[in-house]
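A.B. asks: Would you mind keeping the following structure in view while I ask a few things?
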Amino acid sequence: MKSSPSVASWIFELASKREAPCERPKAAVKFARALRSALLTGGVDPACLIRVEGLAERILLPLSHQMPLYRSRHAQYDRVPMWLAQYIRETRGNLCMIDVGANVGDTVLATNPRSGDQYLALEPHPRYFPFLASNSSTVEACIALQLACGEIEGELGLAAAARGTAGPAVAAATSASVPQRPLDAIWREAWGAGRVDFLKIDTDGFDVQVLRGARAVLRAQQPWIFYECDATTSMDAAELHLSAFELLRELGYSHGLAFDNFGALRGEIEFADLKSLHRIIASQSPNGPVYYHDILVAPDDSEFARFKERIP
């Protein structure tokens, strides 16, 4: 699927250009952003091969994807996987990572894959899986599967893709349906129940169900976990995420870090401290400034302390 950069790629790359916080966009950047907006408004959404802030290699993605703009505007957006991958390689020699909700493969690429690293990347949506397959094809050892993860076996309906994301859908809004499997089963069958250092989950409101279907891999491997906690998605979402904190505590995890939706560190979490957990959830709002948190869960207290010192 990968090809040479096109005119649309040039427009997108220029539209995503980083500026200093107090700097006004240059005329060429403003023109590129206006042209991108006009193309998308007209229903034109081609594949683009572009350089993105913080990624070593060009990445293929649709013109409508927002990730390049977020990365250029927020210095710490989606940087935790890169920092953690570096730390794991230093302490364990190489990286073994499972990416649930891999989208176009940007998190895999953000870890700067090295020889000896191994990846299992899962993306259910038919809009994004071809991009994941293309972007991961240059990684030495990466298995890409078009599957959804959940607590039980079944089928998962997906919402229409928009702006680089797509989550589970209610029946009336389903645009596609894909097989759903617990991560424990996928880990055994596609990964040989092998080593897992890092489990990243980003499924737009379905992360707790993924965790519930991953009890065996979490108990056996005790990987670092990086998942999205969004308590604003439904009336019962807050209780759902509190149950996830309890599950992690039962599986032997005790500490974590909360980052806001732009990648800024917001505080530490103790899974035995209900007050700290309630504070994290209470600070979220669909109107911002904190829309959701990415929770980084540490395997043990010593690793938590060592890694915490590396965060800018």
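Each chain in the structure tokens gets a letter, A, B, ..., in the order shown, and its residues are numbered from 1; ligands are numbered from 1 in order too.
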Can you tell me, as a PDB file with N, CA and C atoms, in the first residue's frame, what residues are no more than 12 Å from Arg279 in chain A when counting only C-alpha atoms, ignoring any on the same chain fewer than 5 positions away?

C.D. replies:
```pdb
ATOM      1  N   ALA A 231     -13.784   8.413  31.674  1.00  0.00           N
ATOM      2  CA  ALA A 231     -14.984   8.193  32.472  1.00  0.00           C
ATOM      3  C   ALA A 231     -16.160   9.046  32.003  1.00  0.00           C
ATOM      4  N   ALA A 238     -17.618   5.804  34.956  1.00  0.00           N
ATOM      5  CA  ALA A 238     -16.786   6.040  36.139  1.00  0.00           C
ATOM      6  C   ALA A 238     -16.669   4.769  36.975  1.00  0.00           C
ATOM      7  N   LEU A 242     -13.342   2.455  37.845  1.00  0.00           N
ATOM      8  CA  LEU A 242     -12.978   2.117  39.228  1.00  0.00           C
ATOM      9  C   LEU A 242     -12.845   0.600  39.392  1.00  0.00           C
ATOM     10  N   ALA A 258      -0.767   9.021  35.822  1.00  0.00           N
ATOM     11  CA  ALA A 258      -1.850   9.520  34.983  1.00  0.00           C
ATOM     12  C   ALA A 258      -1.343  10.676  34.125  1.00  0.00           C
ATOM     13  N   ARG A 266      -0.024  14.192  35.111  1.00  0.00           N
ATOM     14  CA  ARG A 266      -0.981  14.824  36.016  1.00  0.00           C
ATOM     15  C   ARG A 266      -0.887  14.313  37.446  1.00  0.00           C
ATOM     16  N   GLY A 267      -0.221  13.184  37.664  1.00  0.00           N
ATOM     17  CA  GLY A 267      -0.091  12.720  39.031  1.00  0.00           C
ATOM     18  C   GLY A 267       0.132  11.228  39.129  1.00  0.00           C
ATOM     19  N   GLU A 268       0.403  10.793  40.345  1.00  0.00           N
ATOM     20  CA  GLU A 268       0.608   9.382  40.635  1.00  0.00           C
ATOM     21  C   GLU A 268      -0.694   8.749  41.101  1.00  0.00           C
ATOM     22  N   ILE A 269      -0.776   7.442  40.916  1.00  0.00           N
ATOM     23  CA  ILE A 269      -1.947   6.682  41.334  1.00  0.00           C
ATOM     24  C   ILE A 269      -1.492   5.538  42.228  1.00  0.00           C
ATOM     25  N   GLU A 270      -2.198   5.354  43.322  1.00  0.00           N
ATOM     26  CA  GLU A 270      -2.055   4.138  44.128  1.00  0.00           C
ATOM     27  C   GLU A 270      -3.374   3.401  44.049  1.00  0.00           C
ATOM     28  N   ASP A 273      -5.590   3.307  47.008  1.00  0.00           N
ATOM     29  CA  ASP A 273      -6.047   4.590  47.531  1.00  0.00           C
ATOM     30  C   ASP A 273      -7.250   5.064  46.714  1.00  0.00           C
ATOM     31  N   LEU A 274      -8.437   4.798  47.189  1.00  0.00           N
ATOM     32  CA  LEU A 274      -9.639   5.140  46.435  1.00  0.00           C
ATOM     33  C   LEU A 274      -9.780   6.638  46.208  1.00  0.00           C
ATOM     34  N   GLN A 284     -11.918  14.705  34.974  1.00  0.00           N
ATOM     35  CA  GLN A 284     -12.218  14.577  33.549  1.00  0.00           C
ATOM     36  C   GLN A 284     -13.539  15.262  33.205  1.00  0.00           C
ATOM     37  N   HIS A 293      -7.665  10.454  30.606  1.00  0.00           N
ATOM     38  CA  HIS A 293      -6.286  10.197  31.031  1.00  0.00           C
ATOM     39  C   HIS A 293      -5.767   8.929  30.370  1.00  0.00           C
TER      40      HIS A 293
END
```

A.B. asks: Name the residues in contact with Glu140 in chain A at a cut-off of 10 Å, using only C-alpha atoms, excluding same-chain residues fewer than 3 positions from it; report them as an mmCIF file with N, CA and C atoms, in the first residue's frame.

C.D. replies:
```cif
data_model
loop_
_atom_site.group_PDB
_atom_site.id
_atom_site.type_symbol
_atom_site.label_atom_id
_atom_site.label_comp_id
_atom_site.auth_asym_id
_atom_site.auth_seq_id
_atom_site.Cartn_x
_atom_site.Cartn_y
_atom_site.Cartn_z
ATOM 1 N N PRO A 113 11.324 0.846 16.600
ATOM 2 C CA PRO A 113 11.651 -0.577 16.623
ATOM 3 C C PRO A 113 13.117 -0.864 16.280
ATOM 4 N N ARG A 114 13.695 -1.770 17.026
ATOM 5 C CA ARG A 114 15.090 -2.198 16.836
ATOM 6 C C ARG A 114 15.129 -3.680 16.502
ATOM 7 N N SER A 115 16.261 -4.140 16.021
ATOM 8 C CA SER A 115 16.464 -5.560 15.782
ATOM 9 C C SER A 115 16.328 -6.319 17.101
ATOM 10 N N GLY A 116 15.549 -7.380 17.098
ATOM 11 C CA GLY A 116 15.311 -8.153 18.313
ATOM 12 C C GLY A 116 13.995 -7.843 18.984
ATOM 13 N N ASP A 117 13.397 -6.699 18.675
ATOM 14 C CA ASP A 117 12.078 -6.366 19.219
ATOM 15 C C ASP A 117 11.007 -7.219 18.549
ATOM 16 N N GLN A 118 9.914 -7.454 19.278
ATOM 17 C CA GLN A 118 8.793 -8.215 18.734
ATOM 18 C C GLN A 118 7.486 -7.502 19.061
ATOM 19 N N TYR A 119 6.569 -7.497 18.076
ATOM 20 C CA TYR A 119 5.311 -6.774 18.222
ATOM 21 C C TYR A 119 4.132 -7.636 17.764
ATOM 22 N N SER A 136 3.562 -1.443 9.376
ATOM 23 C CA SER A 136 4.275 -2.442 10.170
ATOM 24 C C SER A 136 5.094 -3.399 9.310
ATOM 25 N N SER A 137 4.913 -3.347 7.992
ATOM 26 C CA SER A 137 5.620 -4.280 7.108
ATOM 27 C C SER A 137 7.129 -4.052 7.106
ATOM 28 N N ILE A 143 3.563 -8.915 14.014
ATOM 29 C CA ILE A 143 2.367 -9.615 13.559
ATOM 30 C C ILE A 143 1.204 -8.641 13.657
#
```

A.B. asks: Could you pull out the strand (DSSP E or B) residues of range 31-208 of chain A, going by DSSP on the backbone, and write them as a PyMOL selection string?

C.D. replies: chain A and resi 47-50+59-62+96-100+118-122+142-145+148-149+154-158+162+165+168+176-181+198-201

A.B. asks: Which residues in range 39-288 of chain A does DSSP call alpha helix (DSSP H)? List them as a count of residues only.

C.D. replies: 81

A.B. asks: Excluding range 36-47 of chain A and any residue of its chain fewer than 2 positions from it, enumerate the residues within 10 Å of it, using only C-alpha atoms, and give them as an NGL selection string.

C.D. replies: :A and (1-3 or 5-6 or 8-9 or 11-12 or 14-15 or 30-34 or 49-50 or 60-65 or 131)

A.B. asks: Calculated over only C-alpha atoms, which of the candidates A:Ile152, A:Leu145, A:Thr165, A:Ala298 has the smallest distance to Glu189 in chain A?

C.D. replies: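 Nearest candidate to Glu189 in chain A out of A:Ile152, A:Leu145, A:Thr165, A:Ala298: A:Leu145.
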
A.B. asks: Do you know which residues are at most 12 Å from Ser234 in chain A counting only C-alpha atoms, after dropping those on the same chain fewer than 6 positions away, and could you put them as JSON, numbers by chain?

C.D. replies: {"A": [204, 205, 206, 240, 241, 285, 286]}

A.B. asks: Keeping only C-alpha atoms, write those residues as a PDB file, in the first residue's frame.

C.D. replies:
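out25.pdb was written with the following content:
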```pdb
ATOM      1  CA  ASP A 204     -11.984   4.419  22.505  1.00  0.00           C
ATOM      2  CA  GLY A 205     -14.106   3.398  25.462  1.00  0.00           C
ATOM      3  CA  PHE A 206     -13.546  -0.367  25.405  1.00  0.00           C
ATOM      4  CA  LEU A 240     -16.400   0.790  35.152  1.00  0.00           C
ATOM      5  CA  HIS A 241     -12.984   2.397  35.440  1.00  0.00           C
ATOM      6  CA  SER A 285     -14.815  16.494  31.561  1.00  0.00           C
ATOM      7  CA  PRO A 286     -16.196  16.273  28.013  1.00  0.00           C
TER       8      PRO A 286
END
```

A.B. asks: Using Å and a single decimal, report how far CA of Ala176 in chain A sits from CA of Leu158 in chain A.

C.D. replies: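 Result for CA of Leu158 in chain A versus CA of Ala176 in chain A: 5.3 Å, one decimal.
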
A.B. asks: Neighbours of range 120-126 of chain A within 7 Å (only C-alpha atoms; same-chain residues fewer than 2 positions away dropped), as a count of residues only?

C.D. replies: 17
